[in-house]
file target17.cif (mmCIF, N, CA and C atoms)
data_my_file
#
loop_
_atom_site.label_atom_id
_atom_site.label_comp_id
_atom_site.auth_asym_id
_atom_site.auth_seq_id
_atom_site.Cartn_x
_atom_site.Cartn_y
_atom_site.Cartn_z
N MET A 1075 0.86 -1.17 0.00
CA MET A 1075 0.00 0.00 0.00
C MET A 1075 0.90 1.24 0.00
N ILE A 1076 0.72 2.07 -1.00
CA ILE A 1076 1.58 3.24 -1.17
C ILE A 1076 1.18 4.36 -0.20
N SER A 1077 -0.12 4.56 0.00
CA SER A 1077 -0.58 5.64 0.86
C SER A 1077 -1.09 5.09 2.19
N ASP A 1078 -1.53 5.99 3.04
CA ASP A 1078 -2.10 5.60 4.33
C ASP A 1078 -3.59 5.32 4.22
N ASN A 1079 -4.14 5.49 3.02
CA ASN A 1079 -5.58 5.28 2.84
C ASN A 1079 -5.92 3.80 2.89
N CYS A 1080 -7.17 3.53 3.20
CA CYS A 1080 -7.64 2.15 3.27
C CYS A 1080 -7.52 1.48 1.90
N TYR A 1081 -7.40 0.18 1.92
CA TYR A 1081 -7.31 -0.62 0.69
C TYR A 1081 -8.52 -0.41 -0.21
N CYS A 1082 -9.69 -0.14 0.39
CA CYS A 1082 -10.93 0.01 -0.38
C CYS A 1082 -10.95 1.31 -1.18
N GLY A 1083 -10.00 2.21 -0.92
CA GLY A 1083 -9.92 3.44 -1.69
C GLY A 1083 -10.45 4.67 -0.96
N SER A 1084 -10.93 4.51 0.26
CA SER A 1084 -11.44 5.68 0.99
C SER A 1084 -10.28 6.54 1.46
N ASP A 1085 -10.59 7.73 1.90
CA ASP A 1085 -9.57 8.65 2.42
C ASP A 1085 -9.19 8.33 3.86
N LYS A 1086 -9.96 7.44 4.50
CA LYS A 1086 -9.67 7.05 5.89
C LYS A 1086 -8.55 6.03 5.93
N SER A 1087 -7.92 5.91 7.09
CA SER A 1087 -6.91 4.87 7.26
C SER A 1087 -7.61 3.51 7.34
N PHE A 1088 -6.87 2.45 7.07
CA PHE A 1088 -7.41 1.09 7.16
C PHE A 1088 -8.00 0.83 8.54
N ASP A 1089 -7.29 1.25 9.61
CA ASP A 1089 -7.78 1.00 10.97
C ASP A 1089 -9.08 1.72 11.29
N LEU A 1090 -9.31 2.87 10.66
CA LEU A 1090 -10.54 3.63 10.91
C LEU A 1090 -11.63 3.34 9.87
N CYS A 1091 -11.30 2.55 8.88
CA CYS A 1091 -12.25 2.25 7.81
C CYS A 1091 -12.62 0.76 7.87
N CYS A 1092 -12.16 -0.02 6.96
CA CYS A 1092 -12.57 -1.43 6.85
C CYS A 1092 -12.16 -2.31 8.02
N ASN A 1093 -11.05 -1.99 8.68
CA ASN A 1093 -10.58 -2.86 9.75
C ASN A 1093 -11.54 -2.89 10.95
N ILE A 1094 -12.35 -1.86 11.14
CA ILE A 1094 -13.31 -1.89 12.25
C ILE A 1094 -14.37 -2.96 12.00
N TYR A 1095 -14.64 -3.27 10.74
CA TYR A 1095 -15.58 -4.35 10.41
C TYR A 1095 -14.88 -5.70 10.46
N ILE A 1096 -13.67 -5.75 9.91
CA ILE A 1096 -12.91 -7.00 9.88
C ILE A 1096 -12.63 -7.50 11.30
N LYS A 1097 -12.30 -6.59 12.21
CA LYS A 1097 -12.02 -6.97 13.60
C LYS A 1097 -13.28 -7.16 14.44
N GLY A 1098 -14.45 -6.87 13.87
CA GLY A 1098 -15.69 -7.06 14.59
C GLY A 1098 -16.04 -5.95 15.57
N ILE A 1099 -15.36 -4.81 15.46
CA ILE A 1099 -15.65 -3.67 16.34
C ILE A 1099 -17.03 -3.11 16.01
N GLN A 1100 -17.35 -3.08 14.72
CA GLN A 1100 -18.68 -2.66 14.24
C GLN A 1100 -19.11 -3.61 13.13
N LYS A 1101 -20.42 -3.65 12.89
CA LYS A 1101 -20.95 -4.40 11.74
C LYS A 1101 -21.00 -3.45 10.55
N ALA A 1102 -20.71 -3.97 9.38
CA ALA A 1102 -20.82 -3.15 8.17
C ALA A 1102 -22.27 -2.68 8.04
N PRO A 1103 -22.50 -1.36 7.94
CA PRO A 1103 -23.86 -0.84 7.93
C PRO A 1103 -24.61 -1.02 6.61
N THR A 1104 -23.89 -1.28 5.53
CA THR A 1104 -24.52 -1.41 4.21
C THR A 1104 -23.83 -2.53 3.44
N ALA A 1105 -24.48 -2.96 2.36
CA ALA A 1105 -23.86 -3.95 1.47
C ALA A 1105 -22.58 -3.39 0.87
N LEU A 1106 -22.58 -2.12 0.52
CA LEU A 1106 -21.38 -1.50 -0.06
C LEU A 1106 -20.23 -1.50 0.95
N ALA A 1107 -20.51 -1.15 2.19
CA ALA A 1107 -19.46 -1.15 3.22
C ALA A 1107 -18.92 -2.57 3.41
N LEU A 1108 -19.81 -3.57 3.38
CA LEU A 1108 -19.35 -4.95 3.52
C LEU A 1108 -18.47 -5.33 2.34
N MET A 1109 -18.89 -4.96 1.13
CA MET A 1109 -18.11 -5.32 -0.06
C MET A 1109 -16.72 -4.70 0.01
N LYS A 1110 -16.65 -3.43 0.39
CA LYS A 1110 -15.35 -2.76 0.50
C LYS A 1110 -14.49 -3.44 1.56
N SER A 1111 -15.09 -3.82 2.68
CA SER A 1111 -14.31 -4.47 3.74
C SER A 1111 -13.86 -5.86 3.29
N ARG A 1112 -14.65 -6.53 2.47
CA ARG A 1112 -14.23 -7.83 1.95
C ARG A 1112 -13.04 -7.68 1.00
N TYR A 1113 -13.04 -6.63 0.20
CA TYR A 1113 -11.88 -6.36 -0.66
C TYR A 1113 -10.64 -6.14 0.21
N SER A 1114 -10.79 -5.30 1.24
CA SER A 1114 -9.67 -5.05 2.15
C SER A 1114 -9.23 -6.33 2.85
N ALA A 1115 -10.17 -7.21 3.13
CA ALA A 1115 -9.84 -8.49 3.76
C ALA A 1115 -9.02 -9.36 2.81
N TYR A 1116 -9.34 -9.33 1.52
CA TYR A 1116 -8.50 -10.05 0.55
C TYR A 1116 -7.09 -9.45 0.53
N ALA A 1117 -7.02 -8.13 0.54
CA ALA A 1117 -5.72 -7.45 0.48
C ALA A 1117 -4.86 -7.72 1.70
N THR A 1118 -5.50 -8.05 2.83
CA THR A 1118 -4.77 -8.30 4.08
C THR A 1118 -4.87 -9.75 4.55
N ASN A 1119 -5.35 -10.63 3.68
CA ASN A 1119 -5.41 -12.08 3.94
C ASN A 1119 -6.26 -12.46 5.16
N GLN A 1120 -7.37 -11.80 5.34
CA GLN A 1120 -8.25 -12.06 6.49
C GLN A 1120 -9.32 -13.10 6.11
N VAL A 1121 -8.90 -14.33 5.98
CA VAL A 1121 -9.76 -15.41 5.48
C VAL A 1121 -10.95 -15.66 6.39
N ASP A 1122 -10.77 -15.62 7.69
CA ASP A 1122 -11.88 -15.89 8.62
C ASP A 1122 -13.01 -14.89 8.41
N TYR A 1123 -12.66 -13.63 8.19
CA TYR A 1123 -13.68 -12.60 7.93
C TYR A 1123 -14.40 -12.88 6.62
N LEU A 1124 -13.66 -13.27 5.60
CA LEU A 1124 -14.27 -13.55 4.29
C LEU A 1124 -15.27 -14.71 4.41
N LEU A 1125 -14.91 -15.74 5.14
CA LEU A 1125 -15.83 -16.87 5.34
C LEU A 1125 -17.02 -16.45 6.20
N ALA A 1126 -16.76 -15.70 7.27
CA ALA A 1126 -17.84 -15.29 8.18
C ALA A 1126 -18.84 -14.37 7.51
N THR A 1127 -18.40 -13.59 6.52
CA THR A 1127 -19.32 -12.65 5.85
C THR A 1127 -19.89 -13.21 4.56
N THR A 1128 -19.63 -14.49 4.29
CA THR A 1128 -20.30 -15.18 3.19
C THR A 1128 -21.57 -15.79 3.76
N HIS A 1129 -22.68 -15.62 3.05
CA HIS A 1129 -23.97 -16.11 3.57
C HIS A 1129 -23.88 -17.61 3.86
N SER A 1130 -24.52 -18.02 4.95
CA SER A 1130 -24.44 -19.42 5.41
C SER A 1130 -24.88 -20.41 4.33
N SER A 1131 -25.81 -20.01 3.46
CA SER A 1131 -26.28 -20.91 2.40
C SER A 1131 -25.22 -21.13 1.32
N GLU A 1132 -24.21 -20.29 1.27
CA GLU A 1132 -23.18 -20.35 0.23
C GLU A 1132 -21.82 -20.82 0.75
N ARG A 1133 -21.63 -20.82 2.06
CA ARG A 1133 -20.31 -21.10 2.64
C ARG A 1133 -19.74 -22.44 2.22
N LYS A 1134 -20.60 -23.41 2.02
CA LYS A 1134 -20.12 -24.76 1.66
C LYS A 1134 -19.38 -24.78 0.31
N TYR A 1135 -19.59 -23.75 -0.50
CA TYR A 1135 -18.94 -23.69 -1.81
C TYR A 1135 -17.53 -23.10 -1.76
N TYR A 1136 -17.11 -22.67 -0.57
CA TYR A 1136 -15.82 -22.02 -0.42
C TYR A 1136 -14.96 -22.79 0.58
N SER A 1137 -13.67 -22.85 0.31
CA SER A 1137 -12.77 -23.47 1.29
C SER A 1137 -11.79 -22.42 1.77
N ARG A 1138 -11.41 -22.56 3.03
CA ARG A 1138 -10.46 -21.64 3.64
C ARG A 1138 -9.17 -21.61 2.83
N GLU A 1139 -8.71 -22.77 2.40
CA GLU A 1139 -7.45 -22.89 1.66
C GLU A 1139 -7.53 -22.17 0.32
N GLU A 1140 -8.65 -22.32 -0.40
CA GLU A 1140 -8.80 -21.66 -1.70
C GLU A 1140 -8.84 -20.14 -1.55
N ILE A 1141 -9.56 -19.67 -0.53
CA ILE A 1141 -9.64 -18.23 -0.29
C ILE A 1141 -8.26 -17.69 0.06
N LEU A 1142 -7.56 -18.37 0.94
CA LEU A 1142 -6.22 -17.93 1.32
C LEU A 1142 -5.28 -17.90 0.12
N HIS A 1143 -5.36 -18.91 -0.73
CA HIS A 1143 -4.52 -18.95 -1.92
C HIS A 1143 -4.83 -17.77 -2.84
N TRP A 1144 -6.11 -17.52 -3.09
CA TRP A 1144 -6.53 -16.41 -3.97
C TRP A 1144 -6.07 -15.08 -3.38
N ALA A 1145 -6.20 -14.92 -2.07
CA ALA A 1145 -5.81 -13.67 -1.41
C ALA A 1145 -4.31 -13.44 -1.47
N THR A 1146 -3.53 -14.50 -1.23
CA THR A 1146 -2.08 -14.34 -1.14
C THR A 1146 -1.37 -14.44 -2.48
N ALA A 1147 -1.96 -15.11 -3.46
CA ALA A 1147 -1.31 -15.28 -4.76
C ALA A 1147 -1.32 -14.00 -5.58
N ASN A 1148 -2.22 -13.08 -5.23
CA ASN A 1148 -2.38 -11.85 -6.00
C ASN A 1148 -1.96 -10.63 -5.20
N LYS A 1149 -1.47 -9.62 -5.91
CA LYS A 1149 -1.12 -8.35 -5.28
C LYS A 1149 -2.24 -7.37 -5.62
N TRP A 1150 -3.02 -7.05 -4.62
CA TRP A 1150 -4.22 -6.22 -4.80
C TRP A 1150 -3.84 -4.76 -5.01
N GLN A 1151 -4.34 -4.18 -6.09
CA GLN A 1151 -3.95 -2.83 -6.49
C GLN A 1151 -4.97 -1.76 -6.10
N LYS A 1152 -6.22 -1.96 -6.53
CA LYS A 1152 -7.25 -0.97 -6.18
C LYS A 1152 -8.63 -1.54 -6.44
N LEU A 1153 -9.60 -0.88 -5.83
CA LEU A 1153 -11.00 -1.24 -5.96
C LEU A 1153 -11.73 -0.08 -6.64
N GLU A 1154 -12.54 -0.40 -7.65
CA GLU A 1154 -13.35 0.61 -8.33
C GLU A 1154 -14.82 0.19 -8.21
N ILE A 1155 -15.62 1.04 -7.59
CA ILE A 1155 -17.05 0.77 -7.47
C ILE A 1155 -17.74 1.35 -8.71
N ILE A 1156 -18.46 0.51 -9.44
CA ILE A 1156 -19.17 0.95 -10.64
C ILE A 1156 -20.55 1.46 -10.25
N SER A 1157 -21.27 0.66 -9.46
CA SER A 1157 -22.60 1.05 -9.00
C SER A 1157 -22.96 0.23 -7.77
N ALA A 1158 -23.94 0.75 -7.02
CA ALA A 1158 -24.38 0.04 -5.81
C ALA A 1158 -25.85 0.37 -5.55
N THR A 1159 -26.59 -0.66 -5.11
CA THR A 1159 -27.95 -0.47 -4.64
C THR A 1159 -27.97 -0.95 -3.19
N GLU A 1160 -29.15 -1.07 -2.61
CA GLU A 1160 -29.22 -1.51 -1.22
C GLU A 1160 -28.57 -2.89 -1.03
N ASN A 1161 -28.77 -3.80 -2.02
CA ASN A 1161 -28.26 -5.16 -1.83
C ASN A 1161 -27.40 -5.68 -2.99
N THR A 1162 -26.91 -4.78 -3.84
CA THR A 1162 -25.99 -5.20 -4.91
C THR A 1162 -24.83 -4.21 -5.03
N VAL A 1163 -23.70 -4.72 -5.48
CA VAL A 1163 -22.54 -3.87 -5.76
C VAL A 1163 -21.87 -4.38 -7.03
N GLU A 1164 -21.68 -3.48 -7.98
CA GLU A 1164 -20.94 -3.80 -9.19
C GLU A 1164 -19.56 -3.15 -9.03
N PHE A 1165 -18.51 -3.94 -9.21
CA PHE A 1165 -17.17 -3.42 -8.95
C PHE A 1165 -16.13 -4.07 -9.85
N LYS A 1166 -14.97 -3.41 -9.88
CA LYS A 1166 -13.78 -3.97 -10.50
C LYS A 1166 -12.68 -3.96 -9.46
N ALA A 1167 -12.05 -5.12 -9.28
CA ALA A 1167 -10.90 -5.25 -8.38
C ALA A 1167 -9.67 -5.47 -9.26
N TYR A 1168 -8.71 -4.59 -9.14
CA TYR A 1168 -7.50 -4.66 -9.94
C TYR A 1168 -6.40 -5.35 -9.12
N PHE A 1169 -5.70 -6.27 -9.76
CA PHE A 1169 -4.63 -6.98 -9.07
C PHE A 1169 -3.58 -7.46 -10.05
N ILE A 1170 -2.43 -7.81 -9.51
CA ILE A 1170 -1.36 -8.42 -10.30
C ILE A 1170 -1.30 -9.87 -9.87
N ASP A 1171 -1.43 -10.78 -10.84
CA ASP A 1171 -1.48 -12.20 -10.50
C ASP A 1171 -0.09 -12.78 -10.24
N SER A 1172 -0.04 -14.06 -9.94
CA SER A 1172 1.21 -14.72 -9.57
C SER A 1172 2.22 -14.76 -10.72
N ASN A 1173 1.75 -14.52 -11.95
CA ASN A 1173 2.65 -14.45 -13.11
C ASN A 1173 3.07 -13.01 -13.41
N ASN A 1174 2.75 -12.10 -12.47
CA ASN A 1174 3.08 -10.68 -12.60
C ASN A 1174 2.33 -10.01 -13.76
N VAL A 1175 1.10 -10.48 -14.01
CA VAL A 1175 0.27 -9.92 -15.08
C VAL A 1175 -0.88 -9.14 -14.45
N ASN A 1176 -1.11 -7.93 -14.97
CA ASN A 1176 -2.24 -7.12 -14.49
C ASN A 1176 -3.55 -7.79 -14.85
N GLN A 1177 -4.45 -7.86 -13.87
CA GLN A 1177 -5.75 -8.48 -14.07
C GLN A 1177 -6.85 -7.57 -13.51
N VAL A 1178 -8.07 -7.78 -14.00
CA VAL A 1178 -9.24 -7.08 -13.46
C VAL A 1178 -10.32 -8.11 -13.18
N HIS A 1179 -10.77 -8.15 -11.95
CA HIS A 1179 -11.89 -9.00 -11.55
C HIS A 1179 -13.13 -8.10 -11.55
N TYR A 1180 -14.04 -8.35 -12.51
CA TYR A 1180 -15.24 -7.52 -12.68
C TYR A 1180 -16.44 -8.33 -12.24
N GLU A 1181 -17.13 -7.86 -11.20
CA GLU A 1181 -18.20 -8.65 -10.60
C GLU A 1181 -19.41 -7.81 -10.26
N PHE A 1182 -20.58 -8.43 -10.38
CA PHE A 1182 -21.85 -7.86 -9.91
C PHE A 1182 -22.29 -8.75 -8.75
N SER A 1183 -22.13 -8.25 -7.52
CA SER A 1183 -22.36 -9.04 -6.32
C SER A 1183 -23.73 -8.78 -5.71
N THR A 1184 -24.27 -9.83 -5.09
CA THR A 1184 -25.54 -9.72 -4.38
C THR A 1184 -25.29 -9.98 -2.89
N PHE A 1185 -25.95 -9.20 -2.06
CA PHE A 1185 -25.80 -9.28 -0.61
C PHE A 1185 -27.17 -9.43 0.04
N LYS A 1186 -27.17 -9.94 1.26
CA LYS A 1186 -28.41 -10.14 2.00
C LYS A 1186 -28.17 -9.73 3.46
N GLN A 1187 -29.16 -9.03 4.02
CA GLN A 1187 -29.06 -8.65 5.42
C GLN A 1187 -29.90 -9.60 6.26
N GLU A 1188 -29.28 -10.13 7.33
CA GLU A 1188 -29.97 -11.02 8.26
C GLU A 1188 -29.56 -10.66 9.68
N ASN A 1189 -30.54 -10.48 10.54
CA ASN A 1189 -30.28 -10.19 11.96
C ASN A 1189 -29.30 -9.03 12.14
N GLY A 1190 -29.45 -7.99 11.32
CA GLY A 1190 -28.62 -6.80 11.44
C GLY A 1190 -27.23 -6.89 10.84
N SER A 1191 -26.92 -8.01 10.19
CA SER A 1191 -25.61 -8.17 9.56
C SER A 1191 -25.77 -8.41 8.06
N TRP A 1192 -24.85 -7.84 7.29
CA TRP A 1192 -24.83 -8.06 5.85
C TRP A 1192 -23.94 -9.24 5.50
N PHE A 1193 -24.35 -9.99 4.46
CA PHE A 1193 -23.58 -11.14 3.99
C PHE A 1193 -23.49 -11.13 2.47
N TYR A 1194 -22.34 -11.59 1.96
CA TYR A 1194 -22.16 -11.80 0.53
C TYR A 1194 -22.89 -13.07 0.15
N VAL A 1195 -23.74 -12.99 -0.88
CA VAL A 1195 -24.47 -14.18 -1.33
C VAL A 1195 -23.79 -14.78 -2.55
N ASP A 1196 -23.67 -14.01 -3.60
CA ASP A 1196 -23.01 -14.52 -4.81
C ASP A 1196 -22.63 -13.38 -5.74
N GLY A 1197 -21.93 -13.74 -6.79
CA GLY A 1197 -21.49 -12.76 -7.76
C GLY A 1197 -21.56 -13.30 -9.16
N LYS A 1198 -21.92 -12.40 -10.08
CA LYS A 1198 -21.87 -12.72 -11.51
C LYS A 1198 -20.65 -12.01 -12.05
N PHE A 1199 -19.86 -12.74 -12.79
CA PHE A 1199 -18.59 -12.20 -13.29
C PHE A 1199 -18.77 -11.70 -14.71
N LYS A 1200 -18.18 -10.55 -14.99
CA LYS A 1200 -18.31 -9.95 -16.31
C LYS A 1200 -17.05 -10.15 -17.10
#
call {"tool": "encode", "arguments": {"input": "target17.cif", "output": "structure tokens"}}
result
Amino acid sequence: MISDNCYCGSDKSFDLCCNIYIKGIQKAPTALALMKSRYSAYATNQVDYLLATTHSSERKYYSREEILHWATANKWQKLEIISATENTVEFKAYFIDSNNVNQVHYEFSTFKQENGSWFYVDGKFK
């Protein structure tokens, strides 16, 4: 990270932005806040948070090892939010892969709120 700004691209520091959600100090108040914190979790290899914020109906499709590999194999560059509604976020995540090639992960994600917490449900890749 070149600047002191959060990985998600906000002007706040990581500790005052996404890390308050990752550490469980606060719950992400919106689907967009959750999505940004999940990006920051990939950038900082916070696999437990990524699993915990995946909706329980979808968790069986993910393994801790695969998430950790995806998080650590890539060098996360920046997050670009294209659009967001109450329960969807369209974004591009820029990263350099293990072969040192620039990549863009373009996704339209769906989120669900349950018992005051937001969860990632699924994503369509563009």
call {"tool": "select_by_dssp", "arguments": {"input": "target17.cif", "residues": "chain A", "states": "strand (DSSP E or B)", "output": "ChimeraX atom specification"}}
result
/A:1079,1087,1128,1149-1158,1162-1170,1176-1188,1191-1199
call {"tool": "resolve_selection", "arguments": {"input": "target17.cif", "expression": "the PyMOL selection byres ((chain A and resi 1182) around 8)", "output": "ChimeraX atom specification"}}
result
/A:1162-1166,1179-1181,1183-1185,1196-1200
call {"tool": "atom_distance", "arguments": {"input": "target17.cif", "atom1": "atom C of A:Ala1102", "atom2": "atom N of A:Trp1192"}}
result
5.8 Å
call {"tool": "closest_atom_pairs", "arguments": {"input": "target17.cif", "of": "stretch 1116-1189 of chain A", "to": "stretch 1077-1099 of chain A", "cutoff": "8 Å", "atoms": "all atoms listed in the file", "output": "JSON lines"}}
result
{"residue": "A:Ala1117", "atom": "CA", "partner": "A:Tyr1081", "partner_atom": "CA", "distance": 7.0}
{"residue": "A:Thr1118", "atom": "N", "partner": "A:Tyr1081", "partner_atom": "CA", "distance": 7.9}
{"residue": "A:Gln1120", "atom": "CA", "partner": "A:Ile1096", "partner_atom": "CA", "distance": 7.7}
{"residue": "A:Asp1122", "atom": "C", "partner": "A:Ile1096", "partner_atom": "C", "distance": 7.9}
{"residue": "A:Tyr1123", "atom": "CA", "partner": "A:Ile1096", "partner_atom": "CA", "distance": 6.0}
{"residue": "A:Leu1124", "atom": "N", "partner": "A:Ile1096", "partner_atom": "CA", "distance": 7.6}
{"residue": "A:Trp1150", "atom": "C", "partner": "A:Tyr1081", "partner_atom": "CA", "distance": 7.9}
{"residue": "A:Gln1151", "atom": "C", "partner": "A:Tyr1081", "partner_atom": "C", "distance": 7.0}
{"residue": "A:Lys1152", "atom": "CA", "partner": "A:Tyr1081", "partner_atom": "C", "distance": 6.1}
{"residue": "A:Leu1153", "atom": "N", "partner": "A:Cys1082", "partner_atom": "C", "distance": 5.3}
{"residue": "A:Glu1154", "atom": "N", "partner": "A:Cys1082", "partner_atom": "C", "distance": 6.9}
{"residue": "A:Ile1155", "atom": "N", "partner": "A:Cys1082", "partner_atom": "C", "distance": 7.9}
call {"tool": "closest_residue", "arguments": {"input": "target17.cif", "among": "A:Val1178, A:Ile1141, A:Met1109, A:Ala1158", "to": "A:Phe1193", "atoms": "all atoms listed in the file"}}
result
A:Met1109
call {"tool": "closest_residue", "arguments": {"input": "target17.cif", "among": "A:Val1195, A:Ile1156, A:Ala1145, A:Leu1106", "to": "A:Thr1127", "atoms": "only C-alpha atoms"}}
result
A:Val1195
call {"tool": "select_by_dssp", "arguments": {"input": "target17.cif", "residues": "chain A", "states": "alpha helix (DSSP H)", "output": "ChimeraX atom specification"}}
result
/A:1093-1096,1105-1117,1121-1126,1138-1147
